[in-house]
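Asks: I am attaching a structure below and will ask some questions about it afterwards.
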Protein chains: 4
Amino acid sequence: MKLSKQQIAYLNEKQLKSHQSRWNILKDQLEEKDVDVNGMLKQVRAFQIAIPSWALGTGGTRFGRFPAGGAPRDLEEKMYDIGLLHALNRSSGAISLHIPWDIPENAGHIKTLAKELGLRFDAVNSNTFQDQPDQKYSYRYGSLCHTNKAVRDQAIAHNLAVVKYGVELGTNVLSVWLSDGAIFPGQHNIRKALQRTMDSLQEIYKGMPDNFEMLVEYKPFEPAFYATVIPDWGTSFLLVNKLGERAKTLVDLGHHLPNTNIEQIVSTLLAERKLGGFHFNDSKYADDDLTTGSIKPYQLFLIFHELVEGLKSQNHPMQYLSWMIDASHNIKDPLEDLLQSVEAIKLAFAQALLVDENKLMESQEQNDPVSAQEILQDAFRTDLRPLIAEARLQEGGALDPIGVYRTLNVRKELIRQRGDKTVATGL
Amino acid sequence: MKLSKQQIAYLNEKQLKSHQSRWNILKDQLEEKDVDVNGMLKQVRAFQIAIPSWALGTGGTRFGRFPAGGAPRDLEEKMYDIGLLHALNRSSGAISLHIPWDIPENAGHIKTLAKELGLRFDAVNSNTFQDQPDQKYSYRYGSLCHTNKAVRDQAIAHNLAVVKYGVELGTNVLSVWLSDGAIFPGQHNIRKALQRTMDSLQEIYKGMPDNFEMLVEYKPFEPAFYATVIPDWGTSFLLVNKLGERAKTLVDLGHHLPNTNIEQIVSTLLAERKLGGFHFNDSKYADDDLTTGSIKPYQLFLIFHELVEGLKSQNHPMQYLSWMIDASHNIKDPLEDLLQSVEAIKLAFAQALLVDENKLMESQEQNDPVSAQEILQDAFRTDLRPLIAEARLQEGGALDPIGVYRTLNVRKELIRQRGDKTVATGL
Amino acid sequence: MKLSKQQIAYLNEKQLKSHQSRWNILKDQLEEKDVDVNGMLKQVRAFQIAIPSWALGTGGTRFGRFPAGGAPRDLEEKMYDIGLLHALNRSSGAISLHIPWDIPENAGHIKTLAKELGLRFDAVNSNTFQDQPDQKYSYRYGSLCHTNKAVRDQAIAHNLAVVKYGVELGTNVLSVWLSDGAIFPGQHNIRKALQRTMDSLQEIYKGMPDNFEMLVEYKPFEPAFYATVIPDWGTSFLLVNKLGERAKTLVDLGHHLPNTNIEQIVSTLLAERKLGGFHFNDSKYADDDLTTGSIKPYQLFLIFHELVEGLKSQNHPMQYLSWMIDASHNIKDPLEDLLQSVEAIKLAFAQALLVDENKLMESQEQNDPVSAQEILQDAFRTDLRPLIAEARLQEGGALDPIGVYRTLNVRKELIRQRGDKTVATGL
Amino acid sequence: MKLSKQQIAYLNEKQLKSHQSRWNILKDQLEEKDVDVNGMLKQVRAFQIAIPSWALGTGGTRFGRFPAGGAPRDLEEKMYDIGLLHALNRSSGAISLHIPWDIPENAGHIKTLAKELGLRFDAVNSNTFQDQPDQKYSYRYGSLCHTNKAVRDQAIAHNLAVVKYGVELGTNVLSVWLSDGAIFPGQHNIRKALQRTMDSLQEIYKGMPDNFEMLVEYKPFEPAFYATVIPDWGTSFLLVNKLGERAKTLVDLGHHLPNTNIEQIVSTLLAERKLGGFHFNDSKYADDDLTTGSIKPYQLFLIFHELVEGLKSQNHPMQYLSWMIDASHNIKDPLEDLLQSVEAIKLAFAQALLVDENKLMESQEQNDPVSAQEILQDAFRTDLRPLIAEARLQEGGALDPIGVYRTLNVRKELIRQRGDKTVATGL
């Protein structure tokens with residue numbers, strides 16, 4: 001299913017007047033405060049968040065799964081779904097592949113389709129946390145950290161195969177998430193498991209083309225419930241420092257212990273030039289993988305504030321980092337869920353752009369936390385939705401993406417085309 | 001596969017002498033301190049922990065599953081596995097069925113087999129957290145709390161069907177765990193969802209025979225990630241109080257927020273006569289479902305201390321409550337995992353029996369926390385393994401259950417009989 | 001120091017025009033969506049949050065304290081400070097006394113002053129978590145839970161003395177927070193400590209006048225680090241149910257284990273007619289006692305959403321509950337901190353009033369979490385600050401309370417009057 | 001108050017026989033399993049844990065303090081208290097000074113006294129988390145991270161003054177714990193605050209003698225409640241790596257977010273040669289500062305297992321690291337509390353020594369977590385108290401330190417000498 005710009009423009013018409021009015025008011029209010037509205041608009045228009053190929057179907061927990069129907073049956077259908085999202089919000093113009101869930105058998109064909117849909121390929125992701133039917137060795141007791149060199153070699157080879165797919169598709173980032181770890185005390189020697197993981201990563205790193213970047217993700221628990229090999233940013237940082245300049249840390253918002261100050265981790269990694277990318281989602285308890293912004297929107301804003309301020313201090317553009325959504329859509333329509341997530345991310349980004357950094361710096365120099373809070377909350381409390389809508393409009397997207405999605409009965413249509421019982425590859 | 005008492009006695013022989021020596025030493029040491037050793041032994045010998053029918057196969061997380069092979073293919077094979085455990089440790093003489101995973105089609109036959117294996121039937125468990133193929137309505141948005149009365153009625157009917165199976169098998173406890181809840185803020189009206197759940201439970205309660213007990217479990221999150229309908233002991237307590245005398249709360253050790261004082265919950269529920277049963281497991285992060293005693297053995301002891309002291313103050317025997325293991329065996333052989341769990345539970349129970357309650361009460365009256373700690377830790381630090389082994393021996397079990405299990409190559413034999421790729425029903 | 005309405009009106013003048021413009025725009029936008037703007041305004045104007053007498057000075061942690069100077073030296077000066085807050089924001093028209101920190105020696109005089117400042121007396125608070133110089137028995141090992149009846153009697157008598165002060169001042173609510181608990185396992189018998197606490201509370205309850213309400217607070221830890229006697233809402237609920245109709249639970253936002261869903265507790269207590277009051281603050285880690293709304297503003301909104309919807313469903317006005325700030329001002333100017341807290345509370349209240357409850361109910365009935373989220377976030381993302389300002393303006397308060405406070409150099413003036421080294425009673 | 005070896009020997013007499021019997025039995029049992037009992041004994045005899053000068057008095061929380069009486073009034077009295085502990089347990093032969101709480105005005109005299117009591121000086125600790133009466137600049141908004149260079153310089157000078165005291169006393173370790181951090185979002189620029197802290201630490205590092213080591217502690221929160229400058233091991237690791245070879249990380253058991261795997265941090269830091277020292281205590285909720293081993297004794301054992309195995313793999317002796325107790329004695333007699341802590345530490349150490357590392361390695365190589373757990377728990381469950389007692393006996397200490405302490409009515413005697421109302425410097 002494809003949406004044309006004309007179709008969207010037509011559906012925008014009804015809301016156009018009321019949008020213009022709201023947008024003009026906001027613009028005036030911001031300009032009165034000497035905000036560079038066009039600069040903000042430009043940045044929001046350019047911001048792109050990759051959609052992972054595994055996020056187009058219904059997710060599940062170990063307790064069950066309730067499929068919504070119409071799930072994409074292959075990579076092409078997944079790309080059409082992302083194309084649809086991108087047509088609606090103009091910010092989902094990138095796709096992140098997960099191998100072996102979505103092997104691009106015919107790279108040429110896939111690239112042509114991507115071009116047609118306006119998508120580029122973002123980070124490629126390896127998977128050594130599951131066994132595949134044709135696999136020689138099991139990852140039951142780990143992959144890159146395994147005590148058996150043959151298992152490690154198999155996992156290394158898989159990662160290099162993933163890199164090869166990436167090269168074919170024209171991307172240059174490999175994202176590595178390992179579930180490797182001990183589920184029980186004593187199961188492995190913590191020091192040696194880390195050392196073996198380091199050695200394996202080094203082999204992968206050496207096998208990548210010179211322009212390839214490796215992102216090393218961390219996670220405290222699940223599925224390893226005692227000692228995950230890379231549990232926290234500190235361990236990832238230790239590894240990427242040893243690996244080399246093109247190895248960096250990837251932050252997934254859901255991969256932290258309770259109460260962790262994530263924005264501080266972001267700031268520190270950025271300052272050390274070791275922040276490589278982001279997996280967006282939200283959570284209340286653990287790695288809940290909920291819609292971004294649905295639980296802690298203020299934290300999301302604070303994280304973006306660190307990102308915007310930190311990247312600016314290094315003269316880096318936002319797209320210097322890899323941005324990706326990584327959520328599980330257990331009961332929401334996956335496409336609606338993704339639209340909500342992207343919207344929340346863009347809103348947090350715009351709020352962060354609105355922060356008066358000079359005034360904030362002044363408050364900080366004067367140790368005036370009352371005023372610093374007023375400045376941050378002023379940006380957060382300002383209703384920037386008209387600006388996000390305007391950015392979408394100027395890019396040819398929908399004023400109300402979810403509204404259009406529902407008006408067009410997209411899910412019903414997908415179910416008609418693909419059937420009610422399809423299951424997309426993924427978790 | 002069945003083990004005879006003779007077989008076990010034969011395998012015990014080699015260790016018998018060394019066991020006797022250790023046991024005699026411990027016995028002497030305890031009697032020197034005026035401990036009623038025979039009383040302890042008697043209680044440990046009698047203590048039984050039910051094995052759930054779903055715990056005999058390899059468990060999994062949403063990220064994958066690594067089957068060990070030889071998993072039981074039907075209820076009978078599951079019962080043989082539990083029979084084997086019971087033959088080894090003499091404390092697993094009860095089975096807890098989960099419907100519809102293990103429907104006892106022919107109750108008469110099943111009861112005969114149970115008798116033969118020395119097993120009785122413990123609590124029956126309903127399942128409205130998954131959709132079954134033949135089900136009319138989906139539980140995607142809840143079961144007993146659902147906004148649609150037809151869905152609630154279906155879930156109520158299922159629970160009553162489970163009760164019926166229980167009646168046929170001669171048990172009188174229904175255990176209800178609901179995954180019902182909101183995954184996102186606003187998804188449901190919290191008050192109304194609780195009220196509907198209450199109403200549904202009431203219908204089930206009324207439909208149970210007069211001698212049936214209902215245990216209402218609580219859990220803070222997973223799979224509902226925002227507001228589970230029964231998230232904590234307080235909500236379960238509120239419900240069971242309204243339901244009636246035969247409704248009680250079930251405590252699963254893994255179903256608590258970080259740092260919760262579980263022993264205090266146990267004590268309070270017991271004092272209010274509303275503690276009904278226990279699901280044993282251990283965890284470091286969330287509902288990790290690890291081997292009982294593998295992470296926090298001291299907490300397990302403290303919980304048992306409350307149970308022993310509390311039940312004694314009400315002149316109730318230990319078997320007044322329903323005891324059950326509820327763990328997930330992701331990488332350990334499920335039967336070995338269960339043997340370790342039961343051992344840890346019995347050890348904690350014995351340690352709790354060893355606490356000098358009179359002296360402890362004296363320390364408490366005198367507000368002497370130093371001395372209270374010495375008394376508790378004296379019991380915990382005493383090595384009571386010879387007593388547990390002696391209790392097993394006197395009951396005809398193995399001195400070293402895991403040792404015997406390995407000597408007999410049980411897993412290999414099960415794989416030979418059942419195959420490498422079998423998957424048991426369960427999570 | 002006192003502020004007159006004229007003074008404030010004068011200081012409002014400069015911002016009046018710009019405020020009117022913003023307010024008119026918001027009003028139009030809301031009315032376009034059929035919002036009852038006047039109804040909202042009326043409710044926000046009427047909403048009052050009590051200021052505790054101990055929150056006017058600099059707070060501290062066990063690691064140190066950094067006084068800001070100008071702290072009130074006695075109850076009268078504290079009342080002047082609250083009068084000043086109320087003059088600025090018109091929502092702090094109540095004071096909550098803490099005995100023995102602020103004993104109203106001369107009730108008549110104090111009441112006259114309160115009247116003059118436009119303040120009424122809210123809940124009175126007892127203190128049995130500290131020893132006072134003239135005290136016969138120490139609370140080192142607890143107060144209402146103590147093993148020694150004489151200590152319990154002393155604590156009971158203190159609570160009744162506090163009630164008496166309350167009667168004299170014309171209030172009818174006693175708020176009880178106990179630090180009673182065990183710091184180490186075994187220190188006390190959990191069951192008996194709870195029973196003794198229950199008995200003590202009962203004596204206090206019986207000693208209160210017939211129109212008096214008792215609010216029972218809960219807290220999981222600090223200063224008791226193992227088993228606080230009233231650790232959670234469930235235990236408080238159990239107690240207040242036994243005590244009687246005029247006993248209710250008090251929720252302090254900072255008194256929860258990590259990740260607790262507080263809005264759910266609020267909803268359940270409200271449905272059970274056992275929610276009595278609120279202590280506002282914010283926190284990231286534990287009982288951090290930060291400025292309300294400074295860390296989790298969306299959670300604050302969700303809590304207010306439950307309060308508004310729940311009270312409405314029972315036809316209760318907002319003032320049916322006791323609202324109070326309870327924070328610690330470690331590095332912010334206490335008065336500025338309180339102004340920020342009250343502002344955040346009113347904003348969350350107004351956002352909750354803005355939720356389209358009919359549409360939300362419809363989404364809930366249809367199990368449409370995507371739409372439910374849109375409805376909640378629409379209310380949260382709407383910038384209602386002009387409405388809050390308008391409500392203040394109509395009540396004779398300041399358009400920009402912190403701005404006025406700073407313009408008038410209030411802190412400097414207070415330091416001049418009271419000195420640099422004054423320490424207010426409190427924590 | 002001083003205890004002679006004769007006095008202790010005399011008090012040991014009554015228990016000697018029963019001890020010998022228990023010890024012989026344990027020795028036989030261990031030797032049967034080919035344990036090098038004498039090697040273990042030797043290591044336990046040699047193990048020393050420093051007592052901090054601030055831990056001899058009653059601690060408190062922000063809610064109050066309940067002094068026990070008899071607290072030491074100056075450094076000399078503190079040293080006598082530690083001497084008493086050391087006489088009893090023979091493992092507390094080191095003192096760690098905290099400046100300015102315990103300034104050794106006359107180093108010569110102090111050193112003579114230390115020698116007399118058998119004590120050496122361990123790490124010296126600086127304090128920039130409190131303001132001292134004579135201080136020019138306040139640390140209200142931080143010390144080494146402060147925006148004002150003059151404040152940073154003051155804090156740097158203080159640290160160097162502490163080093164100087166250390167040199168005079170013959171120690172060569174400086175321990176730095178900073179409370180520096182933001183209490184509110186926006187209060188400081190996270191990146192710049194870290195950079196300023198780094199710069200300040202560098203100045204201190206450069207100012208230390210060449211043989212001096214700097215230990216950098218981390219803590220997630222309290223008293224900074226939003227973003228502590230050094231919140232986790234990763235940040236400390238980052239800093240000490242930049243500082244140089246003689247900078248290392250200090251781990252305090254209570255300074256972690258909920259559920260953190262501390263033993264993994266220990267293992268990783270040790271492997272990276274950046275673990276410098278340890279602060280022992282225990283906790284259930286936050287930085288509770290409870291008696292070591294009173295809440296999570298199995299975790300303590302697992303930590304020691306990593307320490308023993310890790311140090312051995314590098315051929316380092318245990319005393320390669322700085323070991324210190326850091327607890328708060330709120331309701332226990334401080335000296336009894338310290339005796340319990342030291343006992344728990346030595347027990348965990350001995351249990352770790354008992355782990356059969358070869359067998360464990362084999363289990364790990366074979367991916368046999370069941371067997372690995374059996375091996376670890378076998379060591380943990382073995383009752384090694386007779387070995388600890390024997391080690392004490394051989395060193396001339398008391399068989400039952402707390403028993404002797406109580407028999408001699410030490411606290412009563414200290415109160416008689418020093419008075420009931422003394423308050424020791426510290427928290």
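By order in the structure tokens, chains are A, B, ...; within a chain, residues start at 1; ligands start at 1, following the order shown.
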Show me which bits of chain C are within 9 Å of chain B, counting only C-alpha atoms, as a VMD selection string.

Replies: chain C and resid 141 147 to 148 182 to 191 194 220 226 to 227 229 231 to 235 237 to 238 257 to 261 263 to 265 267 to 268 270 to 271 302 306 310 360 to 361 363 to 373 375 to 376

Asks: For the residues selected in the previous step, produce a file with C-alpha atoms as an mmCIF file, in the first residue's frame.

Replies:
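Final file, out-v2.cif:
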data_model
loop_
_atom_site.group_PDB
_atom_site.id
_atom_site.type_symbol
_atom_site.label_atom_id
_atom_site.label_comp_id
_atom_site.auth_asym_id
_atom_site.auth_seq_id
_atom_site.Cartn_x
_atom_site.Cartn_y
_atom_site.Cartn_z
ATOM 1 C CA TYR C 141 13.210 1.779 69.320
ATOM 2 C CA THR C 147 7.487 -3.056 73.257
ATOM 3 C CA ASN C 148 7.209 -0.945 76.381
ATOM 4 C CA ALA C 182 12.993 -2.452 62.485
ATOM 5 C CA ILE C 183 16.362 -1.475 61.104
ATOM 6 C CA PHE C 184 17.588 -5.073 61.189
ATOM 7 C CA PRO C 185 15.975 -8.470 60.582
ATOM 8 C CA GLY C 186 14.812 -9.922 63.855
ATOM 9 C CA GLN C 187 14.836 -6.605 65.675
ATOM 10 C CA HIS C 188 11.142 -6.851 66.338
ATOM 11 C CA ASN C 189 8.326 -9.302 65.780
ATOM 12 C CA ILE C 190 6.688 -7.904 62.653
ATOM 13 C CA ARG C 191 3.217 -9.116 63.549
ATOM 14 C CA LEU C 194 1.883 -4.000 63.776
ATOM 15 C CA PRO C 220 8.728 1.942 52.789
ATOM 16 C CA TYR C 226 14.545 -3.102 57.186
ATOM 17 C CA ALA C 227 10.849 -3.234 58.049
ATOM 18 C CA VAL C 229 5.760 -0.810 60.530
ATOM 19 C CA PRO C 231 5.515 0.437 54.757
ATOM 20 C CA ASP C 232 2.881 0.586 52.039
ATOM 21 C CA TRP C 233 -0.662 1.639 51.199
ATOM 22 C CA GLY C 234 -1.892 -1.895 51.851
ATOM 23 C CA THR C 235 -0.817 -1.764 55.491
ATOM 24 C CA PHE C 237 -5.455 0.587 54.337
ATOM 25 C CA LEU C 238 -5.640 -2.423 56.642
ATOM 26 C CA LEU C 257 9.479 1.734 46.138
ATOM 27 C CA PRO C 258 11.081 2.247 42.710
ATOM 28 C CA ASN C 259 8.622 2.191 39.773
ATOM 29 C CA THR C 260 5.457 2.125 41.891
ATOM 30 C CA ASN C 261 2.330 3.146 40.009
ATOM 31 C CA GLU C 263 -1.869 6.891 40.347
ATOM 32 C CA GLN C 264 -3.236 3.378 40.680
ATOM 33 C CA ILE C 265 -2.936 3.522 44.474
ATOM 34 C CA SER C 267 -7.523 5.468 42.296
ATOM 35 C CA THR C 268 -8.005 2.380 44.444
ATOM 36 C CA LEU C 270 -10.385 6.798 46.374
ATOM 37 C CA ALA C 271 -12.757 4.099 45.134
ATOM 38 C CA LEU C 302 -1.722 11.171 35.653
ATOM 39 C CA GLU C 306 -7.223 9.927 38.742
ATOM 40 C CA GLY C 310 -12.394 9.743 40.903
ATOM 41 C CA LEU C 360 -11.559 8.893 26.944
ATOM 42 C CA MET C 361 -14.289 6.643 28.249
ATOM 43 C CA SER C 363 -11.663 4.922 23.803
ATOM 44 C CA GLN C 364 -11.578 2.729 26.875
ATOM 45 C CA GLU C 365 -14.831 1.026 26.008
ATOM 46 C CA GLN C 366 -13.472 0.358 22.526
ATOM 47 C CA ASN C 367 -10.089 -0.800 23.793
ATOM 48 C CA ASP C 368 -8.285 1.805 21.785
ATOM 49 C CA PRO C 369 -5.093 2.628 23.724
ATOM 50 C CA VAL C 370 -3.694 4.684 20.851
ATOM 51 C CA SER C 371 -6.598 7.067 21.031
ATOM 52 C CA ALA C 372 -6.632 7.066 24.845
ATOM 53 C CA GLN C 373 -3.009 8.160 24.802
ATOM 54 C CA ILE C 375 -6.518 12.241 24.543
ATOM 55 C CA LEU C 376 -4.392 12.262 27.703
#

Asks: Can you tell me, as a PyMOL selection string, what residues are no more than 8 Å from stretch 2-13 of chain C when counting only C-alpha atoms, ignoring any on the same chain fewer than 4 positions away?

Replies: chain C and resi 17+80+83-84+87-88+396-400+404

Asks: Take the residues from that selection and write them out as a PDB file, in the first residue's frame, keeping N, CA and C atoms.

Replies:
ATOM      1  N   LYS C  17      -0.565  43.245  29.577  1.00  0.00           N
ATOM      2  CA  LYS C  17      -0.970  43.214  28.185  1.00  0.00           C
ATOM      3  C   LYS C  17      -0.587  41.888  27.516  1.00  0.00           C
ATOM      4  N   TYR C  80       3.912  34.523  58.494  1.00  0.00           N
ATOM      5  CA  TYR C  80       4.131  35.655  57.597  1.00  0.00           C
ATOM      6  C   TYR C  80       4.675  35.174  56.247  1.00  0.00           C
ATOM      7  N   GLY C  83       1.884  33.682  54.413  1.00  0.00           N
ATOM      8  CA  GLY C  83       1.032  34.787  53.970  1.00  0.00           C
ATOM      9  C   GLY C  83       1.594  35.432  52.709  1.00  0.00           C
ATOM     10  N   LEU C  84       2.882  35.562  52.659  1.00  0.00           N
ATOM     11  CA  LEU C  84       3.550  36.137  51.499  1.00  0.00           C
ATOM     12  C   LEU C  84       3.341  35.254  50.267  1.00  0.00           C
ATOM     13  N   ALA C  87      -0.199  35.591  49.195  1.00  0.00           N
ATOM     14  CA  ALA C  87      -0.424  36.872  48.515  1.00  0.00           C
ATOM     15  C   ALA C  87       0.032  36.787  47.063  1.00  0.00           C
ATOM     16  N   LEU C  88       1.100  36.045  46.824  1.00  0.00           N
ATOM     17  CA  LEU C  88       1.643  35.943  45.471  1.00  0.00           C
ATOM     18  C   LEU C  88       0.838  34.992  44.596  1.00  0.00           C
ATOM     19  N   GLY C 396      -6.366  38.165  42.632  1.00  0.00           N
ATOM     20  CA  GLY C 396      -5.559  39.232  43.216  1.00  0.00           C
ATOM     21  C   GLY C 396      -4.113  38.862  43.442  1.00  0.00           C
ATOM     22  N   GLY C 397      -3.666  37.780  42.835  1.00  0.00           N
ATOM     23  CA  GLY C 397      -2.272  37.360  42.985  1.00  0.00           C
ATOM     24  C   GLY C 397      -1.390  37.906  41.881  1.00  0.00           C
ATOM     25  N   ALA C 398      -0.147  37.445  41.884  1.00  0.00           N
ATOM     26  CA  ALA C 398       0.833  37.943  40.925  1.00  0.00           C
ATOM     27  C   ALA C 398       0.790  37.137  39.641  1.00  0.00           C
ATOM     28  N   LEU C 399       0.962  37.828  38.507  1.00  0.00           N
ATOM     29  CA  LEU C 399       1.056  37.120  37.233  1.00  0.00           C
ATOM     30  C   LEU C 399       2.306  36.239  37.221  1.00  0.00           C
ATOM     31  N   ASP C 400       3.355  36.734  37.807  1.00  0.00           N
ATOM     32  CA  ASP C 400       4.625  36.009  37.810  1.00  0.00           C
ATOM     33  C   ASP C 400       5.169  35.982  39.241  1.00  0.00           C
ATOM     34  N   VAL C 404       8.012  38.545  40.865  1.00  0.00           N
ATOM     35  CA  VAL C 404       7.723  39.548  41.885  1.00  0.00           C
ATOM     36  C   VAL C 404       8.599  39.335  43.113  1.00  0.00           C
TER      37      VAL C 404
END

Asks: So that I can check the secondary structure, give me every residue of stretch 174-223 of chain D assigned strand (DSSP E) by backbone DSSP, as a ChimeraX atom specification.

Replies: /D:174-176,181-182,213-217

Asks: I'd like to know which of D:Pro67, D:Glu31, D:Ala107, D:Gly207 is closest to C:Ser138, using only C-alpha atoms.

Replies: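 Nearest candidate to C:Ser138 out of D:Pro67, D:Glu31, D:Ala107, D:Gly207: D:Pro67.
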
Asks: Using only C-alpha atoms, which residues sit within 9 Å of B:Gly60 once same-chain residues fewer than 6 positions away are excluded, as a PyMOL selection string?

Replies: (chain A and resi 62+223) or (chain B and resi 66-67+328-331+427)

Asks: Please produce a file of the residues just selected, as a compact mmCIF listing (two decimals), in the first residue's frame, where the atoms kept are C-alpha atoms.

Replies:
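As a result, selection16.txt now contains:
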# COMPACT_ATOMS: atom_id res chain seq x y z
CA ARG A 62 6.89 -14.70 27.10
CA PRO A 223 17.42 -12.65 29.03
CA PHE B 66 16.91 -23.36 24.01
CA PRO B 67 15.23 -26.73 24.59
CA SER B 328 11.41 -21.10 34.48
CA HIS B 329 14.24 -23.43 33.52
CA ASN B 330 15.85 -21.61 30.64
CA ILE B 331 19.24 -23.23 30.59
CA LEU B 427 5.76 -20.91 28.92

Asks: Write down as a PyMOL selection string the residues belonging to stretch 187-402 of chain D that are assigned helix (DSSP H, G or I) by DSSP computed on the backbone.

Replies: chain D and resi 190-207+233-243+262-271+297-313+318-320+334-354+357-365+369-381+385-394+401-402

Asks: To one decimal place, how far is atom CA of B:Leu338 from atom CA of B:Val251 in Å?

Replies: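 Calculated distance between atom CA of B:Leu338 and atom CA of B:Val251 is 18.8 Å.
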
Asks: Counting only C-alpha atoms, figure out which residue out of A:Lys312, A:Lys206, A:Lys296, A:His255 gets nearest to A:Glu357.

Replies: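 Among the listed residues, the smallest separation from A:Glu357 belongs to A:Lys312.
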
Asks: Can you work out the spacing between atom CA of D:Ile230 and atom CA of D:Tyr218 in Å, to one decimal?

Replies: 5.1 Å

Asks: Could you list, as number ranges by chain, every residue within 8 Å of B:Lys248, counting only C-alpha atoms and ignoring same-chain residues fewer than 2 positions away?

Replies: B: 213-216, 237, 240-241, 245-246, 250, 274-276

Asks: Fewer than 3 positions away in the same chain doesn't count, so skip those; otherwise give me all residues within 9 Å of B:Leu253, counting only C-alpha atoms, as a PyMOL selection string.

Replies: chain B and resi 256+262+278-283+287+289

Asks: Taking N, CA and C atoms for each residue, export the selection above as a PDB file, in the first residue's frame.

Replies:
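Resulting contents of result_14.pdb:
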ATOM      1  N   HIS B 256       7.329  -8.770  42.872  1.00  0.00           N
ATOM      2  CA  HIS B 256       7.425  -7.580  43.728  1.00  0.00           C
ATOM      3  C   HIS B 256       8.306  -6.533  43.079  1.00  0.00           C
ATOM      4  N   ILE B 262       9.502  -8.835  51.451  1.00  0.00           N
ATOM      5  CA  ILE B 262       8.486  -9.881  51.236  1.00  0.00           C
ATOM      6  C   ILE B 262       8.107 -10.558  52.545  1.00  0.00           C
ATOM      7  N   PHE B 278       2.031 -20.094  48.250  1.00  0.00           N
ATOM      8  CA  PHE B 278       3.349 -19.602  47.893  1.00  0.00           C
ATOM      9  C   PHE B 278       3.816 -20.128  46.558  1.00  0.00           C
ATOM     10  N   HIS B 279       4.358 -19.275  45.750  1.00  0.00           N
ATOM     11  CA  HIS B 279       5.080 -19.714  44.558  1.00  0.00           C
ATOM     12  C   HIS B 279       6.556 -19.411  44.779  1.00  0.00           C
ATOM     13  N   PHE B 280       7.362 -20.460  44.807  1.00  0.00           N
ATOM     14  CA  PHE B 280       8.793 -20.270  45.065  1.00  0.00           C
ATOM     15  C   PHE B 280       9.589 -20.102  43.785  1.00  0.00           C
ATOM     16  N   ASN B 281      10.534 -19.208  43.844  1.00  0.00           N
ATOM     17  CA  ASN B 281      11.542 -19.018  42.799  1.00  0.00           C
ATOM     18  C   ASN B 281      12.525 -17.990  43.363  1.00  0.00           C
ATOM     19  N   ASP B 282      13.433 -17.522  42.561  1.00  0.00           N
ATOM     20  CA  ASP B 282      14.340 -16.475  43.041  1.00  0.00           C
ATOM     21  C   ASP B 282      14.574 -15.497  41.901  1.00  0.00           C
ATOM     22  N   SER B 283      15.072 -14.332  42.234  1.00  0.00           N
ATOM     23  CA  SER B 283      15.246 -13.323  41.192  1.00  0.00           C
ATOM     24  C   SER B 283      16.216 -12.259  41.659  1.00  0.00           C
ATOM     25  N   ASP B 287      10.783 -10.557  37.493  1.00  0.00           N
ATOM     26  CA  ASP B 287      10.222 -11.892  37.674  1.00  0.00           C
ATOM     27  C   ASP B 287      11.125 -12.886  36.934  1.00  0.00           C
ATOM     28  N   ASP B 289      12.337 -15.722  37.684  1.00  0.00           N
ATOM     29  CA  ASP B 289      11.969 -17.145  37.777  1.00  0.00           C
ATOM     30  C   ASP B 289      13.168 -18.083  37.851  1.00  0.00           C
TER      31      ASP B 289
END

Asks: Leaving out stretch 159-167 of chain B and any residue of its chain fewer than 4 positions from it, which residues lie within 12 Å of it when counting only C-alpha atoms, given as a ChimeraX atom specification?

Replies: /B:95-108,110-111,120-128,143-144,152-155,171-178,200-214
